[in-house]
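Colleague: PDB, C-alpha atoms, file input_2.pdb:
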ATOM      1  CA  MET A   1     121.494  68.842  76.653
ATOM      2  CA  SER A   2     121.955  68.622  72.938
ATOM      3  CA  SER A   3     118.869  69.001  70.780
ATOM      4  CA  LYS A   4     118.089  68.892  67.111
ATOM      5  CA  ILE A   5     116.392  71.308  64.757
ATOM      6  CA  GLY A   6     113.623  70.110  62.475
ATOM      7  CA  VAL A   7     111.703  71.618  59.599
ATOM      8  CA  VAL A   8     108.278  70.374  58.552
ATOM      9  CA  GLY A   9     106.595  71.545  55.418
ATOM     10  CA  ASP A  10     105.788  70.933  51.796
ATOM     11  CA  ARG A  11     108.513  69.707  49.474
ATOM     12  CA  GLU A  12     108.858  72.907  47.446
ATOM     13  CA  SER A  13     109.483  75.107  50.429
ATOM     14  CA  VAL A  14     111.560  73.281  52.974
ATOM     15  CA  LEU A  15     113.930  71.118  50.958
ATOM     16  CA  ALA A  16     116.449  73.940  50.865
ATOM     17  CA  PHE A  17     116.834  73.887  54.636
ATOM     18  CA  LYS A  18     118.590  70.590  54.366
ATOM     19  CA  MET A  19     121.633  72.439  53.137
ATOM     20  CA  LEU A  20     121.815  74.353  56.418
ATOM     21  CA  GLY A  21     122.013  71.162  58.406
ATOM     22  CA  PHE A  22     118.414  71.091  59.645
ATOM     23  CA  ASP A  23     116.459  67.841  59.550
ATOM     24  CA  VAL A  24     113.760  68.154  56.930
ATOM     25  CA  TYR A  25     110.446  66.275  57.008
ATOM     26  CA  PHE A  26     107.781  66.498  54.345
ATOM     27  CA  ALA A  27     104.081  66.575  55.042
ATOM     28  CA  SER A  28     101.116  67.759  53.089
ATOM     29  CA  GLU A  29      98.025  66.996  55.132
ATOM     30  CA  ALA A  30      96.833  67.297  58.711
ATOM     31  CA  LYS A  31      97.245  63.747  59.947
ATOM     32  CA  GLU A  32     100.694  63.384  58.506
ATOM     33  CA  THR A  33     101.789  66.702  60.008
ATOM     34  CA  ARG A  34     100.434  65.861  63.429
ATOM     35  CA  ARG A  35     102.219  62.541  63.425
ATOM     36  CA  THR A  36     105.489  64.117  62.362
ATOM     37  CA  ILE A  37     105.304  66.829  65.019
ATOM     38  CA  ASP A  38     104.502  64.315  67.767
ATOM     39  CA  LYS A  39     107.372  62.153  66.650
ATOM     40  CA  LEU A  40     109.793  65.081  66.627
ATOM     41  CA  ALA A  41     108.660  66.156  70.078
ATOM     42  CA  GLU A  42     109.472  62.721  71.430
ATOM     43  CA  GLU A  43     112.848  62.633  69.740
ATOM     44  CA  ASN A  44     114.338  65.564  71.586
ATOM     45  CA  TYR A  45     113.955  68.226  68.940
ATOM     46  CA  GLY A  46     114.431  71.678  70.454
ATOM     47  CA  VAL A  47     113.077  73.768  67.616
ATOM     48  CA  VAL A  48     110.595  72.743  64.943
ATOM     49  CA  TYR A  49     109.922  75.114  62.071
ATOM     50  CA  LEU A  50     106.511  74.519  60.566
ATOM     51  CA  THR A  51     105.038  76.166  57.502
ATOM     52  CA  GLU A  52     101.957  78.258  58.113
ATOM     53  CA  GLN A  53      99.937  76.307  55.581
ATOM     54  CA  LEU A  54     100.305  73.160  57.648
ATOM     55  CA  ALA A  55      99.958  74.976  60.958
ATOM     56  CA  GLU A  56      96.546  76.108  59.847
ATOM     57  CA  LEU A  57      95.406  72.493  59.691
ATOM     58  CA  ILE A  58      96.439  71.484  63.186
ATOM     59  CA  PRO A  59      95.849  74.379  65.628
ATOM     60  CA  ASP A  60      95.139  71.987  68.530
ATOM     61  CA  THR A  61      98.451  70.192  68.277
ATOM     62  CA  ILE A  62     100.328  73.479  68.184
ATOM     63  CA  SER A  63      98.600  74.915  71.210
ATOM     64  CA  ARG A  64      99.356  71.680  73.040
ATOM     65  CA  TYR A  65     103.073  72.297  72.604
ATOM     66  CA  ASP A  66     102.804  76.012  73.359
ATOM     67  CA  ALA A  67     102.715  75.338  77.073
ATOM     68  CA  LYS A  68     105.749  73.080  77.014
ATOM     69  CA  LEU A  69     109.366  74.106  77.189
ATOM     70  CA  THR A  70     110.416  72.048  74.173
ATOM     71  CA  PRO A  71     109.933  71.816  71.287
ATOM     72  CA  ALA A  72     109.457  75.422  70.263
ATOM     73  CA  ILE A  73     107.170  75.316  67.249
ATOM     74  CA  ILE A  74     107.915  78.328  65.091
ATOM     75  CA  LEU A  75     105.805  79.153  62.078
ATOM     76  CA  ILE A  76     107.491  80.128  58.836
ATOM     77  CA  PRO A  77     105.994  81.201  55.537
ATOM     78  CA  ASN A  78     106.211  78.871  52.558
ATOM     79  CA  HIS A  79     107.081  79.647  48.973
ATOM     80  CA  ALA A  80     103.642  81.122  48.342
ATOM     81  CA  GLY A  81     104.356  83.823  50.906
ATOM     82  CA  SER A  82     103.231  84.555  54.425
ATOM     83  CA  ARG A  83      99.632  84.169  55.501
ATOM     84  CA  GLY A  84     100.021  86.261  58.615
ATOM     85  CA  ILE A  85      99.347  83.404  61.015
ATOM     86  CA  GLY A  86     102.741  83.720  62.651
ATOM     87  CA  LYS A  87     102.213  87.431  63.186
ATOM     88  CA  LYS A  88      98.740  86.765  64.500
ATOM     89  CA  ARG A  89     100.152  84.407  67.083
ATOM     90  CA  VAL A  90     102.526  87.102  68.338
ATOM     91  CA  GLN A  91      99.610  89.522  68.634
ATOM     92  CA  GLU A  92      97.553  86.912  70.468
ATOM     93  CA  ASN A  93     100.344  86.558  72.984
ATOM     94  CA  VAL A  94     100.307  90.300  73.522
ATOM     95  CA  GLU A  95      96.573  90.358  73.980
ATOM     96  CA  LYS A  96      96.706  87.452  76.386
ATOM     97  CA  ALA A  97      99.361  89.070  78.532
ATOM     98  CA  VAL A  98      98.537  92.761  78.373
ATOM     99  CA  GLY A  99      94.802  92.654  77.731
ATOM    100  CA  GLN A 100      94.923  94.657  74.549
ATOM    101  CA  ASN A 101      97.043  94.933  71.476
ATOM    102  CA  ILE A 102      99.788  97.449  72.062
ATOM    103  CA  LEU A 103     101.955  96.696  69.034
TER     104      LEU A 103
ATOM    105  CA  MET B 104      80.188  91.848  98.326
ATOM    106  CA  ALA B 105      78.939  88.759 100.026
ATOM    107  CA  LYS B 106      80.365  87.980 103.390
ATOM    108  CA  LEU B 107      81.536  84.499 104.231
ATOM    109  CA  ASN B 108      79.161  82.108 105.921
ATOM    110  CA  VAL B 109      80.800  81.732 109.347
ATOM    111  CA  ASN B 110      79.790  81.850 112.988
ATOM    112  CA  PRO B 111      80.491  85.220 114.640
ATOM    113  CA  THR B 112      82.873  83.986 117.321
ATOM    114  CA  ARG B 113      86.200  85.240 118.635
ATOM    115  CA  MET B 114      87.886  82.105 117.320
ATOM    116  CA  GLU B 115      86.601  82.713 113.815
ATOM    117  CA  LEU B 116      87.584  86.381 114.020
ATOM    118  CA  SER B 117      91.174  85.542 114.823
ATOM    119  CA  ASN B 118      91.304  82.933 112.028
ATOM    120  CA  LEU B 119      89.950  85.416 109.506
ATOM    121  CA  LYS B 120      92.429  88.074 110.572
ATOM    122  CA  ASP B 121      95.264  85.635 109.932
ATOM    123  CA  ARG B 122      93.831  84.797 106.533
ATOM    124  CA  LEU B 123      93.502  88.462 105.661
ATOM    125  CA  SER B 124      97.115  89.213 106.471
ATOM    126  CA  LEU B 125      98.241  86.210 104.432
ATOM    127  CA  ALA B 126      96.059  87.213 101.497
ATOM    128  CA  SER B 127      97.356  90.798 101.549
ATOM    129  CA  ARG B 128     100.929  89.623 101.606
ATOM    130  CA  GLY B 129     100.294  87.180  98.756
ATOM    131  CA  HIS B 130      98.579  89.899  96.782
ATOM    132  CA  LYS B 131     101.500  92.270  97.171
ATOM    133  CA  LEU B 132     104.016  89.645  96.105
ATOM    134  CA  LEU B 133     101.996  88.508  93.104
ATOM    135  CA  LYS B 134     101.415  92.083  92.034
ATOM    136  CA  ASP B 135     105.171  92.694  92.090
ATOM    137  CA  LYS B 136     105.725  89.529  90.086
ATOM    138  CA  GLN B 137     103.140  90.583  87.542
ATOM    139  CA  ASP B 138     104.676  94.040  87.130
ATOM    140  CA  GLU B 139     108.157  92.684  86.617
ATOM    141  CA  LEU B 140     106.991  89.996  84.178
ATOM    142  CA  MET B 141     105.084  92.590  82.211
ATOM    143  CA  ARG B 142     108.074  94.894  82.021
ATOM    144  CA  ARG B 143     110.267  92.157  80.588
ATOM    145  CA  PHE B 144     107.527  90.821  78.359
ATOM    146  CA  ILE B 145     106.938  94.144  76.662
ATOM    147  CA  THR B 146     110.564  94.600  75.631
ATOM    148  CA  LEU B 147     110.733  90.994  74.456
ATOM    149  CA  ILE B 148     107.509  91.044  72.497
ATOM    150  CA  ARG B 149     108.499  94.174  70.600
ATOM    151  CA  GLN B 150     111.748  92.481  69.657
ATOM    152  CA  ASN B 151     109.785  89.369  68.704
ATOM    153  CA  ASN B 152     107.460  91.311  66.442
ATOM    154  CA  GLU B 153     110.251  93.096  64.613
ATOM    155  CA  LEU B 154     112.287  89.952  64.218
ATOM    156  CA  ARG B 155     109.315  87.992  62.921
ATOM    157  CA  ILE B 156     108.491  90.548  60.268
ATOM    158  CA  GLU B 157     112.096  90.572  59.150
ATOM    159  CA  VAL B 158     112.464  86.790  59.109
ATOM    160  CA  GLU B 159     109.205  86.254  57.273
ATOM    161  CA  GLU B 160     110.190  88.694  54.583
ATOM    162  CA  LYS B 161     113.613  87.144  54.063
ATOM    163  CA  LEU B 162     112.315  83.590  54.184
ATOM    164  CA  SER B 163     109.623  84.199  51.599
ATOM    165  CA  LYS B 164     112.261  85.637  49.329
ATOM    166  CA  ALA B 165     114.525  82.645  49.853
ATOM    167  CA  MET B 166     111.742  80.167  49.277
ATOM    168  CA  GLN B 167     110.549  81.876  46.159
ATOM    169  CA  SER B 168     113.988  81.770  44.710
ATOM    170  CA  PHE B 169     114.283  78.133  45.721
ATOM    171  CA  ALA B 170     111.005  77.312  44.008
ATOM    172  CA  MET B 171     112.373  79.008  40.929
ATOM    173  CA  ALA B 172     115.667  77.129  41.120
ATOM    174  CA  LYS B 173     113.849  73.871  41.624
ATOM    175  CA  SER B 174     111.647  74.361  38.628
ATOM    176  CA  LEU B 175     114.691  74.628  36.378
ATOM    177  CA  VAL B 176     116.329  71.379  37.417
ATOM    178  CA  HIS B 177     114.917  67.935  37.893
ATOM    179  CA  GLU B 178     113.852  67.225  41.450
ATOM    180  CA  ASN B 179     116.122  64.234  41.843
ATOM    181  CA  PHE B 180     119.178  66.328  41.092
ATOM    182  CA  ILE B 181     118.247  68.817  43.767
ATOM    183  CA  GLU B 182     117.816  66.047  46.285
ATOM    184  CA  GLU B 183     121.123  64.631  45.273
ATOM    185  CA  LEU B 184     122.755  68.008  45.914
ATOM    186  CA  MET B 185     121.239  68.093  49.346
ATOM    187  CA  ALA B 186     122.084  64.524  50.205
ATOM    188  CA  VAL B 187     125.140  65.531  52.188
ATOM    189  CA  PRO B 188     124.567  68.792  54.016
ATOM    190  CA  SER B 189     127.757  70.788  54.014
ATOM    191  CA  GLN B 190     126.872  72.584  57.161
ATOM    192  CA  SER B 191     125.746  71.562  60.589
ATOM    193  CA  VAL B 192     124.112  73.375  63.460
ATOM    194  CA  ASN B 193     124.358  72.255  67.035
ATOM    195  CA  LEU B 194     121.718  73.286  69.483
ATOM    196  CA  ASN B 195     122.013  73.209  73.240
ATOM    197  CA  ILE B 196     119.039  74.142  75.332
ATOM    198  CA  ASP B 197     119.397  75.367  78.895
ATOM    199  CA  GLN B 198     116.663  76.434  81.181
ATOM    200  CA  LYS B 199     116.541  79.980  82.431
ATOM    201  CA  ASN B 200     114.343  81.167  85.215
ATOM    202  CA  ILE B 201     112.612  84.515  84.718
ATOM    203  CA  MET B 202     110.468  85.224  87.772
ATOM    204  CA  SER B 203     109.827  81.500  88.185
ATOM    205  CA  VAL B 204     108.845  81.045  84.548
ATOM    206  CA  ARG B 205     111.073  78.426  83.008
ATOM    207  CA  VAL B 206     112.154  79.581  79.598
ATOM    208  CA  PRO B 207     114.572  77.921  77.203
ATOM    209  CA  GLN B 208     117.885  79.479  76.477
ATOM    210  CA  MET B 209     119.247  78.214  73.206
ATOM    211  CA  HIS B 210     122.890  78.089  72.335
ATOM    212  CA  PHE B 211     123.709  77.532  68.729
ATOM    213  CA  GLN B 212     126.955  76.431  67.232
ATOM    214  CA  TYR B 213     127.239  76.810  63.520
ATOM    215  CA  GLY B 214     129.667  74.976  61.333
ATOM    216  CA  GLU B 215     132.616  76.882  59.922
ATOM    217  CA  THR B 216     130.735  77.957  56.825
ATOM    218  CA  ALA B 217     128.290  80.242  58.595
ATOM    219  CA  ASP B 218     130.257  83.415  58.027
ATOM    220  CA  ASP B 219     131.072  82.755  54.450
ATOM    221  CA  PRO B 220     128.244  81.576  52.232
ATOM    222  CA  LYS B 221     130.656  80.904  49.402
ATOM    223  CA  ASP B 222     131.977  77.957  51.330
ATOM    224  CA  LEU B 223     128.775  76.001  50.998
ATOM    225  CA  SER B 224     129.925  73.141  48.888
ATOM    226  CA  TYR B 225     127.727  71.583  46.280
ATOM    227  CA  GLY B 226     128.357  70.575  42.726
ATOM    228  CA  TYR B 227     128.289  72.954  39.768
ATOM    229  CA  LEU B 228     126.709  70.189  37.818
ATOM    230  CA  ASN B 229     122.916  70.274  37.946
ATOM    231  CA  SER B 230     122.793  73.419  40.033
ATOM    232  CA  ASN B 231     122.095  76.910  38.839
ATOM    233  CA  GLY B 232     122.403  80.546  39.742
ATOM    234  CA  GLU B 233     119.055  80.709  41.472
ATOM    235  CA  LEU B 234     120.170  77.970  43.785
ATOM    236  CA  ASP B 235     123.248  79.952  44.756
ATOM    237  CA  LEU B 236     121.012  82.910  45.525
ATOM    238  CA  THR B 237     118.700  80.748  47.585
ATOM    239  CA  PHE B 238     121.488  79.525  49.781
ATOM    240  CA  GLN B 239     122.842  83.008  50.171
ATOM    241  CA  TYR B 240     119.454  84.215  51.411
ATOM    242  CA  LEU B 241     119.042  81.236  53.689
ATOM    243  CA  ILE B 242     122.426  81.622  55.301
ATOM    244  CA  GLU B 243     121.681  85.276  55.868
ATOM    245  CA  VAL B 244     118.400  84.580  57.551
ATOM    246  CA  MET B 245     119.490  81.591  59.610
ATOM    247  CA  PRO B 246     120.887  83.387  62.710
ATOM    248  CA  ASP B 247     117.729  85.494  62.858
ATOM    249  CA  MET B 248     115.558  82.421  62.525
ATOM    250  CA  LEU B 249     117.284  80.745  65.421
ATOM    251  CA  GLU B 250     117.034  83.849  67.555
ATOM    252  CA  LEU B 251     113.368  84.128  66.679
ATOM    253  CA  ALA B 252     112.813  80.591  67.929
ATOM    254  CA  GLU B 253     114.200  81.443  71.336
ATOM    255  CA  ILE B 254     112.423  84.758  71.714
ATOM    256  CA  GLU B 255     109.093  83.541  70.456
ATOM    257  CA  LYS B 256     109.042  80.532  72.748
ATOM    258  CA  THR B 257     109.995  82.720  75.704
ATOM    259  CA  CYS B 258     107.207  85.144  74.878
ATOM    260  CA  GLN B 259     104.684  82.340  74.627
ATOM    261  CA  LEU B 260     105.599  80.916  77.999
ATOM    262  CA  MET B 261     105.672  84.339  79.610
ATOM    263  CA  ALA B 262     102.303  85.296  78.175
ATOM    264  CA  ASP B 263     100.770  82.191  79.747
ATOM    265  CA  GLU B 264     102.364  82.948  83.088
ATOM    266  CA  ILE B 265     101.304  86.597  83.019
ATOM    267  CA  GLU B 266      97.731  85.602  82.334
ATOM    268  CA  LYS B 267      97.772  83.156  85.233
ATOM    269  CA  THR B 268      99.339  85.683  87.585
ATOM    270  CA  ARG B 269      96.855  88.348  86.588
ATOM    271  CA  ARG B 270      93.957  86.064  87.394
ATOM    272  CA  ARG B 271      95.423  85.310  90.794
ATOM    273  CA  VAL B 272      96.049  88.969  91.576
ATOM    274  CA  ASN B 273      92.531  89.900  90.545
ATOM    275  CA  ALA B 274      90.963  87.065  92.503
ATOM    276  CA  LEU B 275      92.796  88.162  95.633
ATOM    277  CA  GLU B 276      92.202  91.859  95.086
ATOM    278  CA  PHE B 277      88.555  91.808  94.134
ATOM    279  CA  MET B 278      87.223  88.638  95.780
ATOM    280  CA  THR B 279      89.189  87.243  98.675
ATOM    281  CA  ILE B 280      90.370  90.398 100.399
ATOM    282  CA  PRO B 281      87.045  92.325 100.294
ATOM    283  CA  GLN B 282      85.194  89.225 101.464
ATOM    284  CA  LEU B 283      87.517  88.758 104.394
ATOM    285  CA  GLU B 284      87.375  92.434 105.347
ATOM    286  CA  GLU B 285      83.612  92.459 105.270
ATOM    287  CA  THR B 286      83.306  89.298 107.322
ATOM    288  CA  ILE B 287      85.766  90.596 109.914
ATOM    289  CA  TYR B 288      83.752  93.797 110.178
ATOM    290  CA  PHE B 289      80.554  91.781 110.567
ATOM    291  CA  ILE B 290      81.964  89.581 113.326
ATOM    292  CA  GLN B 291      83.360  92.545 115.201
ATOM    293  CA  MET B 292      79.991  94.317 115.131
ATOM    294  CA  LYS B 293      78.263  91.139 116.242
ATOM    295  CA  LEU B 294      80.676  90.650 119.138
ATOM    296  CA  ASP B 295      80.372  94.297 120.270
ATOM    297  CA  GLU B 296      76.626  94.006 120.134
ATOM    298  CA  ALA B 297      76.685  90.838 122.242
ATOM    299  CA  GLU B 298      78.877  92.563 124.792
ATOM    300  CA  ARG B 299      76.522  95.515 125.049
ATOM    301  CA  ALA B 300      73.590  93.147 125.374
ATOM    302  CA  SER B 301      75.209  91.284 128.218
ATOM    303  CA  ILE B 302      76.018  94.541 130.078
ATOM    304  CA  THR B 303      72.446  95.710 129.725
ATOM    305  CA  ARG B 304      71.217  92.362 130.961
ATOM    306  CA  LEU B 305      73.474  92.537 134.005
ATOM    307  CA  MET B 306      72.230  96.033 134.812
ATOM    308  CA  LYS B 307      68.619  94.870 134.525
ATOM    309  CA  VAL B 308      69.308  91.928 136.813
ATOM    310  CA  LYS B 309      70.937  94.211 139.365
ATOM    311  CA  ASP B 310      67.916  96.568 139.288
ATOM    312  CA  MET B 311      65.536  93.676 140.050
ATOM    313  CA  GLY B 312      67.351  92.911 143.272
TER     314      GLY B 312
END
Written as C-alpha cells, how would this file's structure read?

Modeller:
Amino acid sequence: MSSKIGVVGDRESVLAFKMLGFDVYFASEAKETRRTIDKLAEENYGVVYLTEQLAELIPDTISRYDAKLTPAIILIPNHAGSRGIGKKRVQENVEKAVGQNIL
Amino acid sequence: MAKLNVNPTRMELSNLKDRLSLASRGHKLLKDKQDELMRRFITLIRQNNELRIEVEEKLSKAMQSFAMAKSLVHENFIEELMAVPSQSVNLNIDQKNIMSVRVPQMHFQYGETADDPKDLSYGYLNSNGELDLTFQYLIEVMPDMLELAEIEKTCQLMADEIEKTRRRVNALEFMTIPQLEETIYFIQMKLDEAERASITRLMKVKDMG
C-alpha cells in the first residue's frame, strides 16, 4: 500500500519541506488545522508532520488519531524552536505504559 | 473481598470451579503478554526519546536557517524555487504484529539525491547561501525524521495496548480470582455443613425408633 507524507504548519517553517518531496499544507489556526488533518487522514497519508504550535490548538484531534494505525501524526518544532510538547508526549506514553516516568 | 451472590449448590460449585480455572489460565497468558510487551516497549521508547531529541535539535536548526534564508529573498521567489521538488519519497506501509498489537512498518524509498545533497537542483538565481545550508540540514535530518515517525507511532499503539492489558491482568488478579476462590470456599463449607446436618438428623431419627 503506497502512502503519502504530509507536513502541516505555518508558512515560515514548513515551506522548505517541499524540496524533500513532502506535500506541504499551510495552516495558522485551529479550525483550519483540524480540517487539513482530517482531509489528509482520508486521503491515505501515512505520516503527517505537524508543528507543535498548531498541535497545541487541537489536542482532541491528535488524540483521536493516536489510536489509529494511520496516519502517524508526528510533532515537529517550528522555526521559533521546540516547545517540548513532542517530548512530553513521549513521556506520557511511558507513564501510561509503565506507570511512572523511567526516562 | 465480597463473595458472589449465588446459591450454595453442587451445580454452582462445579460452574465456579470451571470459571476459576479459566480465569487463572487467562491471567497467566495476559501476564506473559504484558511482560513481553513491556520488554519491547522499553527498548523502543528509549530509542524514541533519543531520536526525538536529536531530530528536534536538527529541525530547529534547519528551520531557523530557512527563516533566515527566506527573509533575504522575496517570498514568491522561494515558492518558485520549490515549485518543482527535485526529490521524491515513496512510502509503503505494512502492518506488523507485535503480540497482537498491529503496528505500522514503514518502508521508505528516497530519490537518487538522498545520499548527495549537492544534487538537489534549484536555480542559483534568487537563492542564497542560507538556503543551501537549510537544504543540507534537512536532507541530513530526513532519514531520522522518517524513522522517528515509525517508532513513535509504534510506541503510541503499544502504550495503549499495555495499559489495556494491565487493566485486564489486574482485574483478574485482584477481583475475579479472589472472588471466585472465596465463593468456592463458601459453597464447600455450606455443603459440608448440610451433609453433617443430615447425618445428625438421621442419627436422631434412628434413636427415636

Colleague: Using only C-alpha atoms, select each residue of chain B with any atom at most 8 Å away from an atom of chain A, and give the selection as a ChimeraX atom specification.

Modeller: /B:141,148-149,151-152,155-156,159,162-164,166-167,169-170,173,182,185,187-197,205-207,237-238,241-242,252-253,255-256,258-263,265-266

Colleague: Would you kindly identify which residues have an atom no farther than 10 Å from (89.2, 82.0, 113.0), using all atoms listed in the file and the file's own coordinates, and write them out as a list of chain:residue names?

Modeller: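 Result, sorted by chain then residue number: B:Val109, B:Asn110, B:Pro111, B:Thr112, B:Arg113, B:Met114, B:Glu115, B:Leu116, B:Ser117, B:Asn118, B:Leu119, B:Lys120, B:Asp121, B:Arg122, B:Ile287.
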
Colleague: Figure out the distance between CA of Leu50 in chain A and CA of Gln198 in chain B, please, to one decimal in Å.

Modeller: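 Between CA of Gln198 in chain B and CA of Leu50 in chain A the gap works out to 23.1 Å.
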
Colleague: If you measure from CA of Glu183 in chain B to CA of Gln53 in chain A, what distance in Å do you get, rounded to one decimal?

Modeller: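 About the pair CA of Glu183 in chain B and CA of Gln53 in chain A: they are 26.3 Å apart.
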
Colleague: Can you work out the spacing between CA of Gly129 in chain B and CA of Tyr288 in chain B in Å, to one decimal?

Modeller: 21.2 Å

Colleague: Can you translate the PyMOL selection byres ((chain B and resi 273-280) around 12) into the concrete residues it hits in this file, as a VMD selection string?

Modeller: chain B and resid 104 to 107 119 to 134 137 266 to 272 281 to 287

Colleague: My list of candidates is A:Ala41, A:Val24, A:Ala30, A:Val7. Which is closest to Arg64 in chain A when distances are computed with all atoms listed in the file?

Modeller: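 The shortest atom-to-atom distance to Arg64 in chain A comes from A:Ala41.
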
Colleague: Do you know which residues the PyMOL selection byres ((chain B and resi 229-233) around 9) returns on this file, as a short mmCIF file (atom, residue, chain, number, x, y, z; two decimals) with C-alpha atoms, keeping the file's coordinate frame?

Modeller:
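Now in out-v4.cif:
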data_model
loop_
_atom_site.label_atom_id
_atom_site.label_comp_id
_atom_site.auth_asym_id
_atom_site.auth_seq_id
_atom_site.Cartn_x
_atom_site.Cartn_y
_atom_site.Cartn_z
CA SER B 168 113.99 81.77 44.71
CA PHE B 169 114.28 78.13 45.72
CA MET B 171 112.37 79.01 40.93
CA ALA B 172 115.67 77.13 41.12
CA LYS B 173 113.85 73.87 41.62
CA LEU B 175 114.69 74.63 36.38
CA VAL B 176 116.33 71.38 37.42
CA HIS B 177 114.92 67.94 37.89
CA PHE B 180 119.18 66.33 41.09
CA ILE B 181 118.25 68.82 43.77
CA LEU B 184 122.76 68.01 45.91
CA TYR B 225 127.73 71.58 46.28
CA GLY B 226 128.36 70.58 42.73
CA TYR B 227 128.29 72.95 39.77
CA LEU B 228 126.71 70.19 37.82
CA LEU B 234 120.17 77.97 43.78
CA ASP B 235 123.25 79.95 44.76
CA LEU B 236 121.01 82.91 45.52
CA THR B 237 118.70 80.75 47.58
CA PHE B 238 121.49 79.53 49.78
#

Colleague: Since the input is missing atoms, can you rebuild N, CA and C atoms for range 1-17 of chain A and write them as a PDB file, in the coordinates of the input?

Modeller:
ATOM      1  N   MET A   1     122.392  69.744  77.395  1.00  0.00           N
ATOM      2  CA  MET A   1     121.494  68.842  76.653  1.00  0.00           C
ATOM      3  C   MET A   1     121.516  69.240  75.182  1.00  0.00           C
ATOM      4  N   SER A   2     121.874  68.299  74.355  1.00  0.00           N
ATOM      5  CA  SER A   2     121.955  68.622  72.938  1.00  0.00           C
ATOM      6  C   SER A   2     120.646  68.291  72.247  1.00  0.00           C
ATOM      7  N   SER A   3     120.133  69.233  71.473  1.00  0.00           N
ATOM      8  CA  SER A   3     118.869  69.001  70.780  1.00  0.00           C
ATOM      9  C   SER A   3     119.062  69.161  69.286  1.00  0.00           C
ATOM     10  N   LYS A   4     118.014  68.788  68.561  1.00  0.00           N
ATOM     11  CA  LYS A   4     118.089  68.892  67.111  1.00  0.00           C
ATOM     12  C   LYS A   4     117.112  69.949  66.607  1.00  0.00           C
ATOM     13  N   ILE A   5     117.281  70.328  65.366  1.00  0.00           N
ATOM     14  CA  ILE A   5     116.392  71.308  64.757  1.00  0.00           C
ATOM     15  C   ILE A   5     115.680  70.649  63.586  1.00  0.00           C
ATOM     16  N   GLY A   6     114.378  70.738  63.550  1.00  0.00           N
ATOM     17  CA  GLY A   6     113.623  70.110  62.475  1.00  0.00           C
ATOM     18  C   GLY A   6     112.832  71.128  61.681  1.00  0.00           C
ATOM     19  N   VAL A   7     112.564  70.783  60.432  1.00  0.00           N
ATOM     20  CA  VAL A   7     111.703  71.618  59.599  1.00  0.00           C
ATOM     21  C   VAL A   7     110.622  70.731  59.012  1.00  0.00           C
ATOM     22  N   VAL A   8     109.373  71.141  59.128  1.00  0.00           N
ATOM     23  CA  VAL A   8     108.278  70.374  58.552  1.00  0.00           C
ATOM     24  C   VAL A   8     107.546  71.255  57.559  1.00  0.00           C
ATOM     25  N   GLY A   9     107.295  70.725  56.392  1.00  0.00           N
ATOM     26  CA  GLY A   9     106.595  71.545  55.418  1.00  0.00           C
ATOM     27  C   GLY A   9     106.431  70.831  54.090  1.00  0.00           C
ATOM     28  N   ASP A  10     105.946  71.562  53.110  1.00  0.00           N
ATOM     29  CA  ASP A  10     105.788  70.933  51.796  1.00  0.00           C
ATOM     30  C   ASP A  10     107.136  70.919  51.081  1.00  0.00           C
ATOM     31  N   ARG A  11     107.266  69.999  50.165  1.00  0.00           N
ATOM     32  CA  ARG A  11     108.513  69.707  49.474  1.00  0.00           C
ATOM     33  C   ARG A  11     109.150  70.957  48.857  1.00  0.00           C
ATOM     34  N   GLU A  12     108.329  71.756  48.193  1.00  0.00           N
ATOM     35  CA  GLU A  12     108.858  72.907  47.446  1.00  0.00           C
ATOM     36  C   GLU A  12     109.537  73.908  48.376  1.00  0.00           C
ATOM     37  N   SER A  13     109.013  74.011  49.574  1.00  0.00           N
ATOM     38  CA  SER A  13     109.483  75.107  50.429  1.00  0.00           C
ATOM     39  C   SER A  13     110.651  74.735  51.308  1.00  0.00           C
ATOM     40  N   VAL A  14     110.621  73.520  51.885  1.00  0.00           N
ATOM     41  CA  VAL A  14     111.560  73.281  52.974  1.00  0.00           C
ATOM     42  C   VAL A  14     112.788  72.467  52.577  1.00  0.00           C
ATOM     43  N   LEU A  15     112.796  71.964  51.361  1.00  0.00           N
ATOM     44  CA  LEU A  15     113.930  71.118  50.958  1.00  0.00           C
ATOM     45  C   LEU A  15     115.258  71.853  51.117  1.00  0.00           C
ATOM     46  N   ALA A  16     115.207  73.166  50.842  1.00  0.00           N
ATOM     47  CA  ALA A  16     116.449  73.940  50.865  1.00  0.00           C
ATOM     48  C   ALA A  16     117.091  73.989  52.243  1.00  0.00           C
ATOM     49  N   PHE A  17     116.279  73.805  53.290  1.00  0.00           N
ATOM     50  CA  PHE A  17     116.834  73.887  54.636  1.00  0.00           C
ATOM     51  C   PHE A  17     117.794  72.752  54.948  1.00  0.00           C
TER      52      PHE A  17
END
